[in-house]
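Engineer: Following this line is model.cif, made up of mmCIF, C-alpha atoms:
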data_coords
loop_
_atom_site.label_atom_id
_atom_site.label_comp_id
_atom_site.auth_asym_id
_atom_site.auth_seq_id
_atom_site.Cartn_x
_atom_site.Cartn_y
_atom_site.Cartn_z
CA MET A 1 0.00 0.00 0.00
CA LYS A 2 1.10 3.52 -0.75
CA LEU A 3 1.41 5.62 2.41
CA SER A 4 1.75 9.40 2.58
CA ASP A 5 4.56 11.03 4.58
CA GLU A 6 2.17 11.60 7.48
CA GLU A 7 1.03 7.99 7.40
CA GLN A 8 4.64 6.80 7.31
CA ALA A 9 5.33 8.95 10.37
CA MET A 10 2.42 7.27 12.16
CA LEU A 11 3.74 3.84 11.21
CA SER A 12 7.23 4.63 12.51
CA GLY A 13 5.79 5.65 15.88
CA GLU A 14 6.53 9.38 15.60
CA MET A 15 2.92 10.18 16.58
CA GLY A 16 2.70 7.75 19.46
CA GLU A 17 1.90 4.11 20.08
CA ALA A 18 -1.88 4.42 19.61
CA LYS A 19 -1.57 5.85 16.11
CA ARG A 20 1.24 3.41 15.26
CA TRP A 21 -1.05 0.51 16.13
CA ALA A 22 -3.93 2.13 14.22
CA ILE A 23 -2.09 2.74 10.96
CA GLU A 24 -0.52 -0.72 11.08
CA HIS A 25 -3.98 -2.23 11.52
CA MET A 26 -5.26 -0.18 8.58
CA GLN A 27 -2.33 -1.31 6.48
CA ARG A 28 -3.06 -4.99 7.21
CA VAL A 29 -6.76 -4.63 6.41
CA GLY A 30 -5.97 -2.75 3.22
CA GLU A 31 -3.45 -5.33 2.05
CA MET A 32 -5.99 -8.10 2.63
CA PHE A 33 -8.45 -6.33 0.31
CA ASP A 34 -5.82 -5.19 -2.22
CA ALA A 35 -6.29 -1.50 -1.40
CA LEU A 36 -3.77 0.73 -3.13
CA ASP A 37 -3.84 3.45 -0.47
CA LEU A 38 -5.84 4.98 2.36
CA VAL A 39 -8.73 7.42 1.94
CA PRO A 40 -9.38 10.28 4.40
CA VAL A 41 -12.66 9.94 6.32
CA SER A 42 -14.67 12.66 8.04
CA GLN A 43 -16.36 10.53 10.74
CA ALA A 44 -15.99 7.17 12.45
CA HIS A 45 -18.66 5.13 14.24
CA MET A 46 -17.65 2.20 16.46
CA MET A 47 -19.47 -0.80 17.86
CA ALA A 48 -17.97 -1.28 21.33
CA ASP A 49 -20.56 -2.82 23.63
CA PRO A 50 -18.91 -4.76 26.48
CA GLU A 51 -20.53 -8.07 25.51
CA SER A 52 -18.72 -7.93 22.17
CA LEU A 53 -15.49 -6.56 23.63
CA GLY A 54 -15.20 -8.89 26.59
CA VAL A 55 -12.60 -8.29 29.28
CA ALA A 56 -9.70 -8.55 26.81
CA GLY A 57 -11.22 -5.94 24.51
CA VAL A 58 -11.84 -3.51 27.34
CA GLU A 59 -8.28 -3.96 28.59
CA PHE A 60 -7.01 -3.24 25.08
CA LEU A 61 -9.02 -0.01 24.96
CA GLU A 62 -7.68 0.96 28.38
CA ARG A 63 -4.07 0.41 27.23
CA LEU A 64 -4.58 2.66 24.21
CA ALA A 65 -6.37 5.25 26.31
CA GLY A 66 -3.46 5.17 28.78
CA CYS A 67 -1.03 6.55 26.19
CA PRO A 68 -0.07 10.24 26.57
CA ASP A 69 -3.13 12.43 26.00
CA GLU A 70 -2.51 13.87 22.54
CA GLN A 71 -1.21 10.57 21.19
CA SER A 72 -4.27 8.54 22.15
CA ARG A 73 -7.03 10.97 21.19
CA VAL A 74 -9.05 10.46 18.04
CA SER A 75 -8.26 12.83 15.19
CA ILE A 76 -11.78 13.09 13.67
CA SER A 77 -15.34 13.10 15.00
CA MET A 78 -15.94 9.64 16.41
CA ILE A 79 -19.21 8.30 17.84
CA THR A 80 -20.47 5.04 19.32
CA ASP A 81 -23.08 2.38 18.61
CA PRO A 82 -25.57 1.31 21.34
CA ARG A 83 -24.20 0.24 24.70
CA GLY A 84 -24.76 -3.12 26.37
CA VAL A 85 -26.02 -1.83 29.72
CA ASP A 86 -28.45 0.94 30.63
CA LEU A 87 -26.89 1.85 33.96
CA SER A 88 -30.25 3.08 35.27
CA TYR A 89 -32.08 -0.21 34.64
CA TYR A 90 -29.53 -3.03 34.68
CA ARG A 91 -30.35 -4.49 38.11
CA GLU A 92 -34.06 -4.49 37.35
CA LEU A 93 -33.41 -6.31 34.06
CA GLY A 94 -31.29 -8.96 35.74
CA GLN A 95 -27.90 -7.81 34.47
CA THR A 96 -25.00 -8.23 36.87
CA GLU A 97 -22.66 -5.80 38.57
CA SER A 98 -19.74 -7.23 36.58
CA MET A 99 -21.56 -6.37 33.33
CA ALA A 100 -22.16 -2.83 34.58
CA ASP A 101 -18.54 -2.49 35.70
CA LEU A 102 -17.25 -3.55 32.28
CA GLU A 103 -19.61 -0.98 30.75
CA ARG A 104 -18.28 1.79 33.00
CA ARG A 105 -14.69 0.89 32.15
CA THR A 106 -15.46 0.94 28.41
CA ILE A 107 -17.10 4.35 28.66
CA ALA A 108 -14.20 5.78 30.68
CA ALA A 109 -11.60 4.54 28.18
CA CYS A 110 -13.54 5.87 25.19
CA GLU A 111 -14.04 9.25 26.81
CA ARG A 112 -10.29 9.55 27.56
CA MET A 113 -9.69 9.04 23.84
CA GLY A 114 -12.10 11.84 22.91
CA ILE A 115 -14.81 9.53 21.55
CA LEU A 116 -18.33 10.99 21.75
CA MET A 117 -20.60 8.55 23.59
CA THR A 118 -23.63 8.91 21.35
CA ASP A 119 -24.64 5.26 21.93
CA THR A 120 -26.88 5.03 18.89
CA CYS A 121 -27.42 3.06 15.68
CA ILE A 122 -29.59 5.84 14.24
CA ASN A 123 -26.95 8.57 14.10
CA TYR A 124 -28.16 9.37 10.57
CA GLN A 125 -31.49 10.43 12.11
CA THR A 126 -30.16 12.13 15.22
CA ILE A 127 -26.63 13.53 14.99
CA MET A 128 -24.92 14.55 11.73
CA CYS A 129 -25.68 12.85 8.42
CA PRO A 130 -22.78 12.34 6.03
CA VAL A 131 -23.44 13.98 2.68
CA ARG A 132 -23.31 12.42 -0.77
CA GLY A 133 -19.78 11.46 -1.73
CA ASP A 134 -18.48 11.78 1.85
CA HIS A 135 -16.08 8.99 2.91
CA VAL A 136 -16.72 7.71 6.44
CA ALA A 137 -15.81 4.66 8.56
CA PHE A 138 -18.99 3.33 10.15
CA GLY A 139 -19.38 0.12 12.11
CA ASP A 140 -23.05 -0.77 12.51
CA THR A 141 -24.58 -2.67 9.58
CA GLY A 142 -27.84 -0.70 9.66
CA VAL A 143 -25.89 2.56 9.80
CA VAL A 144 -23.64 1.57 6.90
CA ILE A 145 -26.40 0.46 4.54
CA TYR A 146 -28.44 3.63 5.22
CA THR A 147 -25.35 5.82 4.81
CA ASN A 148 -24.39 4.25 1.48
CA SER A 149 -27.84 3.83 0.01
CA VAL A 150 -30.02 6.68 1.27
CA LEU A 151 -27.37 9.36 1.81
CA GLY A 152 -24.97 8.43 -0.99
CA ALA A 153 -21.92 8.56 1.28
CA TYR A 154 -19.21 5.88 1.17
CA SER A 155 -18.48 3.31 3.90
CA ASN A 156 -17.62 -0.35 4.29
CA PHE A 157 -18.68 -2.37 7.32
CA GLU A 158 -15.92 -1.48 9.78
CA GLY A 159 -15.21 -3.94 12.59
CA GLY A 160 -14.64 -2.41 16.03
CA PRO A 161 -10.81 -2.29 15.78
CA SER A 162 -10.95 -0.87 12.25
CA ALA A 163 -13.44 1.84 13.23
CA LEU A 164 -11.21 2.76 16.18
CA ALA A 165 -8.16 2.84 13.93
CA ALA A 166 -10.02 5.11 11.51
CA GLY A 167 -10.91 7.44 14.37
CA LEU A 168 -7.29 7.65 15.50
CA THR A 169 -5.83 8.17 12.02
CA GLY A 170 -8.65 9.82 10.09
CA ARG A 171 -8.26 7.23 7.34
CA THR A 172 -9.51 3.87 6.13
CA PRO A 173 -8.31 1.57 3.31
CA ARG A 174 -9.64 2.49 -0.13
CA TYR A 175 -11.42 -0.73 -1.10
CA GLY A 176 -14.98 -2.00 -1.48
CA LEU A 177 -17.63 0.69 -1.41
CA HIS A 178 -15.07 3.50 -1.36
CA LEU A 179 -14.59 2.61 -5.05
CA GLU A 180 -17.15 3.72 -7.63
CA GLU A 181 -17.00 0.47 -9.56
CA LYS A 182 -18.05 -1.54 -6.49
CA ARG A 183 -21.22 0.53 -6.14
CA GLN A 184 -22.81 -0.63 -9.38
CA GLY A 185 -25.84 -2.93 -9.18
CA THR A 186 -25.32 -6.66 -9.56
CA LYS A 187 -28.89 -7.97 -8.98
CA ARG A 188 -32.29 -6.60 -10.09
CA PHE A 189 -35.57 -7.01 -8.22
CA MET A 190 -39.06 -5.95 -9.29
CA VAL A 191 -41.52 -5.37 -6.44
CA ARG A 192 -45.04 -6.65 -7.15
CA GLU A 193 -46.38 -6.33 -3.59
CA GLN A 194 -46.15 -2.80 -2.20
CA PRO A 195 -44.89 -2.46 1.41
CA ILE A 196 -46.93 -0.27 3.77
CA GLY A 197 -45.88 -0.37 7.43
CA LEU A 198 -42.42 -0.56 8.97
CA THR A 199 -42.60 -4.33 9.30
CA ASP A 200 -43.59 -4.69 5.62
CA TRP A 201 -40.50 -2.72 4.66
CA GLY A 202 -38.39 -4.88 6.96
CA VAL A 203 -39.77 -8.07 5.42
CA LEU A 204 -39.09 -6.77 1.89
CA GLY A 205 -35.54 -5.82 2.89
CA GLY A 206 -35.00 -9.18 4.54
CA PHE A 207 -36.18 -11.07 1.45
CA ILE A 208 -33.91 -9.06 -0.86
CA GLY A 209 -30.98 -9.57 1.52
CA ARG A 210 -31.63 -13.31 1.64
CA MET A 211 -31.75 -13.48 -2.17
CA SER A 212 -28.58 -11.37 -2.50
CA GLY A 213 -26.63 -13.31 0.10
CA SER A 214 -23.25 -11.62 -0.18
CA TYR A 215 -21.48 -8.46 0.91
CA TRP A 216 -20.34 -7.92 -2.67
CA GLU A 217 -23.82 -8.03 -4.24
CA VAL A 218 -25.59 -4.68 -4.81
CA PRO A 219 -29.37 -5.06 -5.28
CA VAL A 220 -31.28 -2.67 -7.53
CA VAL A 221 -34.98 -2.42 -6.69
CA GLU A 222 -37.69 -1.33 -9.15
CA GLY A 223 -41.46 -1.10 -8.98
CA LEU A 224 -41.97 0.90 -5.79
CA GLU A 225 -44.97 3.21 -6.08
CA MET A 226 -44.24 5.50 -3.11
CA ILE A 227 -41.38 7.46 -1.64
CA PRO A 228 -40.52 5.75 1.68
CA THR A 229 -40.00 7.63 4.92
CA SER A 230 -36.72 7.64 6.82
CA ASP A 231 -38.09 5.08 9.31
CA GLN A 232 -39.29 2.79 6.52
CA LEU A 233 -35.89 2.94 4.85
CA LYS A 234 -34.26 2.34 8.23
CA HIS A 235 -36.14 -0.94 8.72
CA PHE A 236 -35.70 -1.90 5.06
CA GLY A 237 -31.93 -1.47 5.13
CA ALA A 238 -31.36 -2.92 8.60
CA ALA A 239 -33.20 -6.11 7.65
CA MET A 240 -31.42 -6.39 4.29
CA ALA A 241 -28.03 -6.07 5.99
CA SER A 242 -29.03 -8.65 8.60
CA PHE A 243 -30.36 -11.27 6.19
CA GLY A 244 -27.76 -10.74 3.47
CA SER A 245 -24.71 -8.86 4.81
CA THR A 246 -25.70 -6.24 2.22
CA PRO A 247 -24.10 -2.77 2.62
CA LEU A 248 -25.70 -0.94 -0.34
CA PHE A 249 -28.94 -0.96 -2.32
CA HIS A 250 -30.39 1.27 -5.01
CA LEU A 251 -34.09 2.17 -5.35
CA VAL A 252 -34.61 3.33 -8.92
CA GLY A 253 -35.94 6.87 -9.04
CA ILE A 254 -35.62 7.26 -5.26
CA THR A 255 -32.09 6.88 -3.84
CA PRO A 256 -29.47 9.44 -4.89
CA GLU A 257 -27.22 7.29 -7.06
CA ALA A 258 -30.16 5.76 -8.95
CA PRO A 259 -32.13 8.50 -10.76
CA ASN A 260 -32.72 5.86 -13.44
CA LEU A 261 -31.83 2.23 -14.06
CA ALA A 262 -28.97 3.00 -16.43
CA SER A 263 -27.17 4.94 -13.68
CA VAL A 264 -26.66 1.85 -11.54
CA CYS A 265 -26.81 -1.26 -13.74
CA ASP A 266 -27.08 -2.79 -17.19
CA ASN A 267 -30.74 -3.14 -18.17
CA LYS A 268 -29.94 -6.63 -19.51
CA LEU A 269 -29.36 -7.85 -15.96
CA PRO A 270 -31.97 -10.57 -15.18
CA VAL A 271 -34.94 -9.40 -13.08
CA GLN A 272 -36.34 -11.34 -10.13
CA GLU A 273 -39.96 -10.51 -9.26
CA ILE A 274 -40.97 -10.26 -5.60
CA THR A 275 -44.55 -11.34 -4.94
CA ARG A 276 -46.83 -11.44 -1.91
CA ALA A 277 -46.15 -15.19 -1.64
CA ASP A 278 -42.42 -14.51 -1.39
CA LEU A 279 -42.90 -12.00 1.42
CA ASP A 280 -45.47 -14.13 3.25
CA GLY A 281 -43.02 -17.02 3.11
CA LEU A 282 -40.44 -15.04 5.07
CA ARG A 283 -43.02 -13.54 7.43
CA ASN A 284 -44.47 -16.96 8.25
CA ASP A 285 -41.11 -18.16 9.53
CA PHE A 286 -41.69 -16.11 12.66
CA GLY A 287 -44.51 -16.98 15.09
CA HIS A 288 -48.18 -17.91 15.06
CA ARG A 289 -51.39 -16.35 16.33
CA GLY A 290 -52.15 -17.36 19.92
CA ASP A 291 -48.54 -18.12 20.90
CA LYS A 292 -47.56 -16.89 24.37
CA VAL A 293 -45.37 -13.78 24.49
CA ASP A 294 -42.75 -13.37 27.21
CA VAL A 295 -41.18 -10.14 25.96
CA VAL A 296 -42.06 -7.61 23.27
CA VAL A 297 -39.06 -5.66 21.99
CA PHE A 298 -38.90 -2.46 19.95
CA ALA A 299 -35.24 -2.21 18.95
CA ALA A 300 -32.71 -3.02 16.23
CA PRO A 301 -32.79 -0.32 15.01
CA GLN A 302 -33.41 2.08 17.89
CA LEU A 303 -36.63 4.05 17.65
CA SER A 304 -36.83 7.55 16.21
CA LEU A 305 -38.83 10.29 17.92
CA VAL A 306 -41.66 9.62 15.46
CA GLU A 307 -41.73 5.92 16.37
CA MET A 308 -41.62 6.73 20.09
CA ASN A 309 -44.67 8.93 19.65
CA GLN A 310 -46.46 6.10 17.83
CA VAL A 311 -45.71 3.65 20.66
CA ALA A 312 -46.90 6.17 23.27
CA SER A 313 -50.17 6.69 21.37
CA LEU A 314 -50.80 2.95 21.02
CA LEU A 315 -50.20 2.38 24.74
CA GLU A 316 -52.30 5.33 25.93
CA GLY A 317 -54.44 4.25 28.90
CA GLN A 318 -53.37 0.60 28.56
CA ARG A 319 -51.44 -1.79 30.81
CA ILE A 320 -49.26 -4.58 29.49
CA HIS A 321 -50.03 -8.15 30.55
CA LYS A 322 -48.62 -9.18 33.93
CA ASP A 323 -46.67 -12.06 32.34
CA THR A 324 -45.27 -10.03 29.45
CA ALA A 325 -42.45 -7.47 29.39
CA LEU A 326 -42.29 -4.59 26.91
CA ILE A 327 -38.90 -3.03 26.17
CA VAL A 328 -38.43 0.07 24.01
CA CYS A 329 -34.88 1.04 23.00
CA THR A 330 -33.96 4.49 21.75
CA SER A 331 -30.95 6.78 21.58
CA PRO A 332 -30.01 9.04 24.50
CA GLY A 333 -30.76 12.10 22.37
CA VAL A 334 -34.23 10.91 21.41
CA ALA A 335 -34.88 9.82 25.00
CA THR A 336 -34.15 13.34 26.24
CA ASP A 337 -36.68 14.74 23.79
CA CYS A 338 -39.18 12.07 24.86
CA ASP A 339 -38.72 13.08 28.51
CA ARG A 340 -39.32 16.73 27.63
CA MET A 341 -42.42 15.94 25.56
CA GLY A 342 -43.90 13.53 28.07
CA LEU A 343 -43.62 10.50 25.79
CA THR A 344 -41.42 8.52 28.18
CA GLY A 345 -43.94 8.85 31.00
CA ARG A 346 -46.82 7.84 28.73
CA ILE A 347 -44.97 4.71 27.56
CA GLU A 348 -43.78 3.67 31.02
CA ALA A 349 -47.22 4.24 32.57
CA SER A 350 -48.20 1.01 30.79
CA GLY A 351 -45.52 -0.97 32.62
CA ALA A 352 -43.08 -0.84 29.69
CA LYS A 353 -39.43 0.15 30.08
CA VAL A 354 -37.69 2.77 27.93
CA LEU A 355 -33.98 1.93 27.65
CA ARG A 356 -31.56 4.69 26.66
CA GLY A 357 -28.56 4.13 24.46
CA THR A 358 -28.84 0.34 24.29
CA CYS A 359 -30.13 -2.20 21.81
CA PHE A 360 -31.65 -5.46 22.98
CA TYR A 361 -29.46 -7.97 21.16
CA GLN A 362 -26.29 -6.12 22.26
CA GLN A 363 -27.11 -6.16 25.96
CA TYR A 364 -26.44 -9.75 26.98
CA ALA A 365 -29.69 -11.03 25.47
CA ARG A 366 -29.02 -14.65 26.43
CA GLU A 367 -28.36 -13.71 30.05
CA LEU A 368 -31.52 -11.57 30.08
CA SER A 369 -33.47 -14.61 28.88
CA GLU A 370 -32.07 -16.76 31.67
CA ALA A 371 -32.51 -14.12 34.38
CA ASN A 372 -36.13 -13.33 33.47
CA GLY A 373 -37.36 -16.66 32.13
CA TRP A 374 -37.96 -15.14 28.69
CA LYS A 375 -38.21 -17.56 25.80
CA SER A 376 -40.74 -16.20 23.30
CA LEU A 377 -39.91 -12.77 21.86
CA LEU A 378 -42.11 -10.59 19.64
CA SER A 379 -40.95 -7.57 17.64
CA ASN A 380 -41.83 -5.45 14.62
CA SER A 381 -38.16 -5.53 13.54
CA ALA A 382 -37.26 -8.09 10.89
CA LYS A 383 -33.63 -7.58 11.82
CA ILE A 384 -34.00 -8.59 15.44
CA VAL A 385 -36.13 -11.67 14.78
CA ASN A 386 -33.45 -12.82 12.32
CA ILE A 387 -30.73 -12.41 14.95
CA ILE A 388 -32.33 -13.32 18.25
CA ALA A 389 -32.85 -17.07 17.79
CA GLY A 390 -29.09 -17.38 18.14
CA TYR A 391 -29.49 -16.15 21.72
CA GLY A 392 -31.98 -18.89 22.58
CA TYR A 393 -35.28 -17.10 21.88
CA GLN A 394 -38.29 -18.19 19.83
CA PRO A 395 -38.90 -15.04 17.72
CA SER A 396 -42.15 -13.76 16.23
CA LEU A 397 -42.71 -10.85 13.84
CA ARG A 398 -45.74 -8.54 13.72
CA SER A 399 -46.55 -4.88 13.04
CA MET A 400 -46.03 -2.26 15.73
CA GLU A 401 -49.80 -2.13 16.35
CA GLU A 402 -50.01 -5.92 16.69
CA CYS A 403 -46.97 -5.98 18.98
CA VAL A 404 -48.58 -3.51 21.37
CA GLU A 405 -51.89 -5.36 21.37
CA SER A 406 -50.04 -8.65 21.97
CA ALA A 407 -48.13 -7.11 24.89
CA ILE A 408 -51.46 -6.12 26.45
CA LYS A 409 -53.06 -9.55 25.90
CA GLY A 410 -49.97 -11.68 26.56
CA VAL A 411 -50.34 -13.68 23.34
CA ILE A 412 -49.75 -12.99 19.65
CA VAL A 413 -52.87 -11.49 18.09
#
Taking this structure as input, can you express it in the form of C-alpha cells?
Structural biologist:
Amino acid sequence: MKLSDEEQAMLSGEMGEAKRWAIEHMQRVGEMFDALDLVPVSQAHMMADPESLGVAGVEFLERLAGCPDEQSRVSISMITDPRGVDLSYYRELGQTESMADLERRTIAACERMGILMTDTCINYQTIMCPVRGDHVAFGDTGVVIYTNSVLGAYSNFEGGPSALAAGLTGRTPRYGLHLEEKRQGTKRFMVREQPIGLTDWGVLGGFIGRMSGSYWEVPVVEGLEMIPTSDQLKHFGAAMASFGSTPLFHLVGITPEAPNLASVCDNKLPVQEITRADLDGLRNDFGHRGDKVDVVVFAAPQLSLVEMNQVASLLEGQRIHKDTALIVCTSPGVATDCDRMGLTGRIEASGAKVLRGTCFYQQYARELSEANGWKSLLSNSAKIVNIIAGYGYQPSLRSMEECVESAIKGVIV
C-alpha cells in the first residue's frame, strides 16, 4: 500500500503508540483487500458494547487510552453504537454488577480518547448525516447500509478495531464501497407487492438480503410506487443487511445514485420478481397467532422520535399483561426529547421500560433470557427476529400495532 509522509510517520511511531497501532492495523486490512492506499474519512462510528469486547477488549481499549493524551485521542469526529447496559435499569433487568462495571470501564476509556458517547445506531437520524460522496468509517450494519444507500456517502462495514483505527488516524483503506466500480448494481428485483408499514419494509428488505446473500452483491430495486419515509428505509436497510450482509442498495428513481436504471446497472441484468407469496413465506417463519409472548421488543434499530410517539399513542391508557415485558430502546438524544415531551412517561405508565442508548441484542440477550425466564420474543423488527434465535429465543414478527396489542393480551394477536 502507498502511504503518505504523514502515514509513514504514524507507522514509525513518531505520533505515538496508539496511532502506530492504528495505521498498522489499517495497512493490514488494506493489504488483505488489495487497497492501493488509504482514503481520508470525516467521521468514524464504532461498535464497542462490552458483551462484544469482553474483558480482553476492554483492557485493550484501556491500554490505548493510557497513552499520553494527545497521542491517544481520536483525530476526527468519532461516535459510538448502542451500549450493552443501561446503567439506570440493569439491576431491574437482571444484568450483573460485573456487566455494569465492564460498561463503566469501556465508557471511561472511550471518553479519555475523545470519543463521543452517542450510543446510537440511528446517528443518521439524530446527529450529523454524512453527505453524498463523503467517505466515512462506520461500524453498525444498519448505519452503513443507510449511509451508502439513502445518503450516498461511502463506507464499508468497519469492525470495532478498524473503526477505532479510523478514528485515530482519520483514514480507512480504499477498497470495497469507497470505489465507484463496487457501487454498481449486480442484482435486479421488481416489487409486485407494495410495502406499507415498517414491518412490511423490513420483510421486503430481509427477502432481498436473503436473495442477495453476499457483501459484494448490490441489489437494484424497481417497482416501488411510493417514496418511503426515513423510518421505513431504516427498517428496510437494517433487515437487508441482517439477512444478506448487504451494505448498499439502489431504489430506482428514489435513492441518490439511482435516478434511473442505467445509472446503476445494465438493463440486460436478469430481473427477479418479488410477490406477496415470497414475502409471506419469510413472514411466516416467525410466530403464530395465539402463541404466548414473554417479551415484546422495539429495537434493532433504535426508535426515532416519530416511532416513540407512535408507541406512546398505542399504549395510551393501557397496561401490558402481567406475564409479558415490553422493552423500548432508543438513543439518549431521542430519550431526552421524549422526557421533555412527556412521551417517556406515557410509555412507562403502561408498565413498559424505555432503555436509553442500548439495543436489545447487544445487551447480553441470552443472560436476560435466563434471568427473566424469557423464551418467546415478539418484535416489529425483521432484523432482530433474524438475529435473536441465536441467543436462545423463539422469535415472532408482527406490526407495531399488533406488537402492542399482543403485549397487552400476553399472546400474539
Engineer: Run the PyMOL selection byres ((chain A and resi 159-166) around 9) on the file and write out the hits as an NGL selection string.
Structural biologist: :A and (18-19 or 21-26 or 29 or 40-41 or 43-48 or 53 or 74-76 or 78 or 136-140 or 157-158 or 167-172)
Engineer: Give me the result of the PyMOL selection byres ((chain A and resi 261) around 10) on this file, residue by residue, as a list of chain:residue names.
Structural biologist: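 Output of the PyMOL selection byres ((chain A and resi 261) around 10): A:Gly185, A:Arg188, A:Val220, A:Val221, A:Glu222, A:His250, A:Leu251, A:Val252, A:Gly253, A:Glu257, A:Ala258, A:Pro259, A:Asn260, A:Ala262, A:Ser263, A:Val264, A:Cys265, A:Asp266, A:Asn267.
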Engineer: Please list as a list in words every residue within 7 Å of segment 272-283 of chain A, counting only C-alpha atoms and excluding residues in the same chain fewer than 3 positions away.
Structural biologist: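 Non-adjacent residues within range: Arg188, Phe189, Met190, Val191, Arg192, Glu193, Val203, Leu204, Phe207, Phe286 and Leu397 of chain A.
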Engineer: When you draw a straight line from atom CA of Asp49 of chain A to atom CA of Arg83 of chain A, how long is it in Å?
Structural biologist: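 Between atom CA of Asp49 of chain A and atom CA of Arg83 of chain A the gap works out to 4.9 Å.
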Engineer: How big is the axis-aligned box around the listed atoms of segment 291-305 of chain A once 8 Å is added on each side, and where is its centre? Give both in Å to one decimal, as JSON.
Structural biologist:
{"center_x": -40.6, "center_y": -3.9, "center_z": 21.1, "size_x": 31.8, "size_y": 44.4, "size_z": 28.2}
Engineer: Can you list what the PyMOL selection byres ((chain A and resi 405-408) around 12) grabs from this structure, as number ranges by chain?
Structural biologist: A: 288-298, 311, 314-327, 350-352, 376-380, 396-404, 409-413
Engineer: Counting only C-alpha atoms, figure out which residue out of A:Tyr364, A:Trp216, A:Tyr89, A:Phe243 gets nearest to Asn156 of chain A.
Structural biologist: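 When distances to Asn156 of chain A are compared using only C-alpha atoms, the smallest one comes from A:Trp216.
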Engineer: Find the residues around segment 228-237 of chain A up to 6 Å (all atoms listed in the file counted), leave out those fewer than 5 positions away in its own chain, and share them as a list in words.
Structural biologist: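 Close residues of segment 228-237 of chain A: Ile145, Leu198, Trp201, Gly202 and Gly205 of chain A.
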Engineer: Expressed in Å to a single decimal, how great is the separation between atom CA of Val271 of chain A and atom CA of Gln194 of chain A?
Structural biologist: 17.0 Å
Engineer: So what do you get for atom CA of Pro332 of chain A versus atom CA of Val85 of chain A, distance-wise?
Structural biologist: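 Between atom CA of Pro332 of chain A and atom CA of Val85 of chain A the gap works out to 12.7 Å.
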Engineer: Please tell me which residues are no farther than 10 Å from (-14.8, 0.7, 25.6) in the file, counting only C-alpha atoms, and write them as a PyMOL selection string.
Structural biologist: chain A and resi 46-50+53-55+57-62+65+80+83+102-111+113+115+117
Engineer: Which is closest to Asn148 of chain A among A:Pro173, A:Pro68, A:Gly13, A:Pro256, if we use all atoms listed in the file?
Structural biologist: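 That would be A:Pro256, the residue with the smallest distance to Asn148 of chain A.
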Engineer: Out of A:Leu269, A:Val354, A:Met240, A:Ala389, which residue has the shortest atom-to-atom distance to Arg210 of chain A when counting all atoms listed in the file?
Structural biologist: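 Using all atoms listed in the file, Arg210 of chain A sits closest to A:Met240.
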Engineer: Could you tell me which of A:Pro395, A:Gly287, A:Gly66, A:Pro195 comes closest to Glu225 of chain A if we count all atoms listed in the file?
Structural biologist: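 Answer, going by the shortest atom-to-atom distance: A:Pro195.
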Engineer: Which is closer to Asp337 of chain A than all the others in A:Gln310, A:Ser149, A:Thr126, A:Gln27, using only C-alpha atoms?
Structural biologist: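 Comparing A:Gln310, A:Ser149, A:Thr126, A:Gln27 against Asp337 of chain A, the winner is A:Thr126.
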Engineer: My list of candidates is A:Arg346, A:Arg20, A:Arg73, A:Lys182. Which is closest to Gly114 of chain A when distances are computed with only C-alpha atoms?
Structural biologist: A:Arg73
Engineer: Write only N, CA and C atoms for segment 386-398 of chain A from the block just shown, as a PDB file, in the first residue's frame.
Structural biologist:
ATOM      1  N   ASN A 386     -34.442 -12.028  13.049  1.00  0.00           N
ATOM      2  CA  ASN A 386     -33.455 -12.818  12.322  1.00  0.00           C
ATOM      3  C   ASN A 386     -32.253 -13.151  13.192  1.00  0.00           C
ATOM      4  N   ILE A 387     -31.921 -12.263  14.122  1.00  0.00           N
ATOM      5  CA  ILE A 387     -30.733 -12.414  14.953  1.00  0.00           C
ATOM      6  C   ILE A 387     -30.998 -13.214  16.225  1.00  0.00           C
ATOM      7  N   ILE A 388     -32.151 -12.997  16.835  1.00  0.00           N
ATOM      8  CA  ILE A 388     -32.331 -13.316  18.248  1.00  0.00           C
ATOM      9  C   ILE A 388     -32.436 -14.800  18.538  1.00  0.00           C
ATOM     10  N   ALA A 389     -32.792 -15.620  17.549  1.00  0.00           N
ATOM     11  CA  ALA A 389     -32.854 -17.069  17.789  1.00  0.00           C
ATOM     12  C   ALA A 389     -31.496 -17.607  18.217  1.00  0.00           C
ATOM     13  N   GLY A 390     -30.432 -16.973  17.757  1.00  0.00           N
ATOM     14  CA  GLY A 390     -29.085 -17.384  18.143  1.00  0.00           C
ATOM     15  C   GLY A 390     -28.790 -17.163  19.609  1.00  0.00           C
ATOM     16  N   TYR A 391     -29.628 -16.393  20.283  1.00  0.00           N
ATOM     17  CA  TYR A 391     -29.486 -16.153  21.720  1.00  0.00           C
ATOM     18  C   TYR A 391     -30.446 -17.018  22.533  1.00  0.00           C
ATOM     19  N   GLY A 392     -31.118 -17.962  21.868  1.00  0.00           N
ATOM     20  CA  GLY A 392     -31.978 -18.893  22.582  1.00  0.00           C
ATOM     21  C   GLY A 392     -33.447 -18.531  22.629  1.00  0.00           C
ATOM     22  N   TYR A 393     -33.880 -17.531  21.870  1.00  0.00           N
ATOM     23  CA  TYR A 393     -35.278 -17.105  21.879  1.00  0.00           C
ATOM     24  C   TYR A 393     -36.057 -17.772  20.736  1.00  0.00           C
ATOM     25  N   GLN A 394     -37.372 -17.812  20.908  1.00  0.00           N
ATOM     26  CA  GLN A 394     -38.286 -18.186  19.833  1.00  0.00           C
ATOM     27  C   GLN A 394     -38.913 -16.893  19.315  1.00  0.00           C
ATOM     28  N   PRO A 395     -38.474 -16.365  18.166  1.00  0.00           N
ATOM     29  CA  PRO A 395     -38.902 -15.035  17.721  1.00  0.00           C
ATOM     30  C   PRO A 395     -40.177 -15.053  16.887  1.00  0.00           C
ATOM     31  N   SER A 396     -40.957 -13.988  17.036  1.00  0.00           N
ATOM     32  CA  SER A 396     -42.151 -13.759  16.228  1.00  0.00           C
ATOM     33  C   SER A 396     -42.125 -12.337  15.696  1.00  0.00           C
ATOM     34  N   LEU A 397     -42.743 -12.138  14.532  1.00  0.00           N
ATOM     35  CA  LEU A 397     -42.712 -10.845  13.841  1.00  0.00           C
ATOM     36  C   LEU A 397     -44.126 -10.376  13.560  1.00  0.00           C
ATOM     37  N   ARG A 398     -44.445  -9.155  13.993  1.00  0.00           N
ATOM     38  CA  ARG A 398     -45.738  -8.544  13.718  1.00  0.00           C
ATOM     39  C   ARG A 398     -45.549  -7.034  13.565  1.00  0.00           C
TER      40      ARG A 398
END
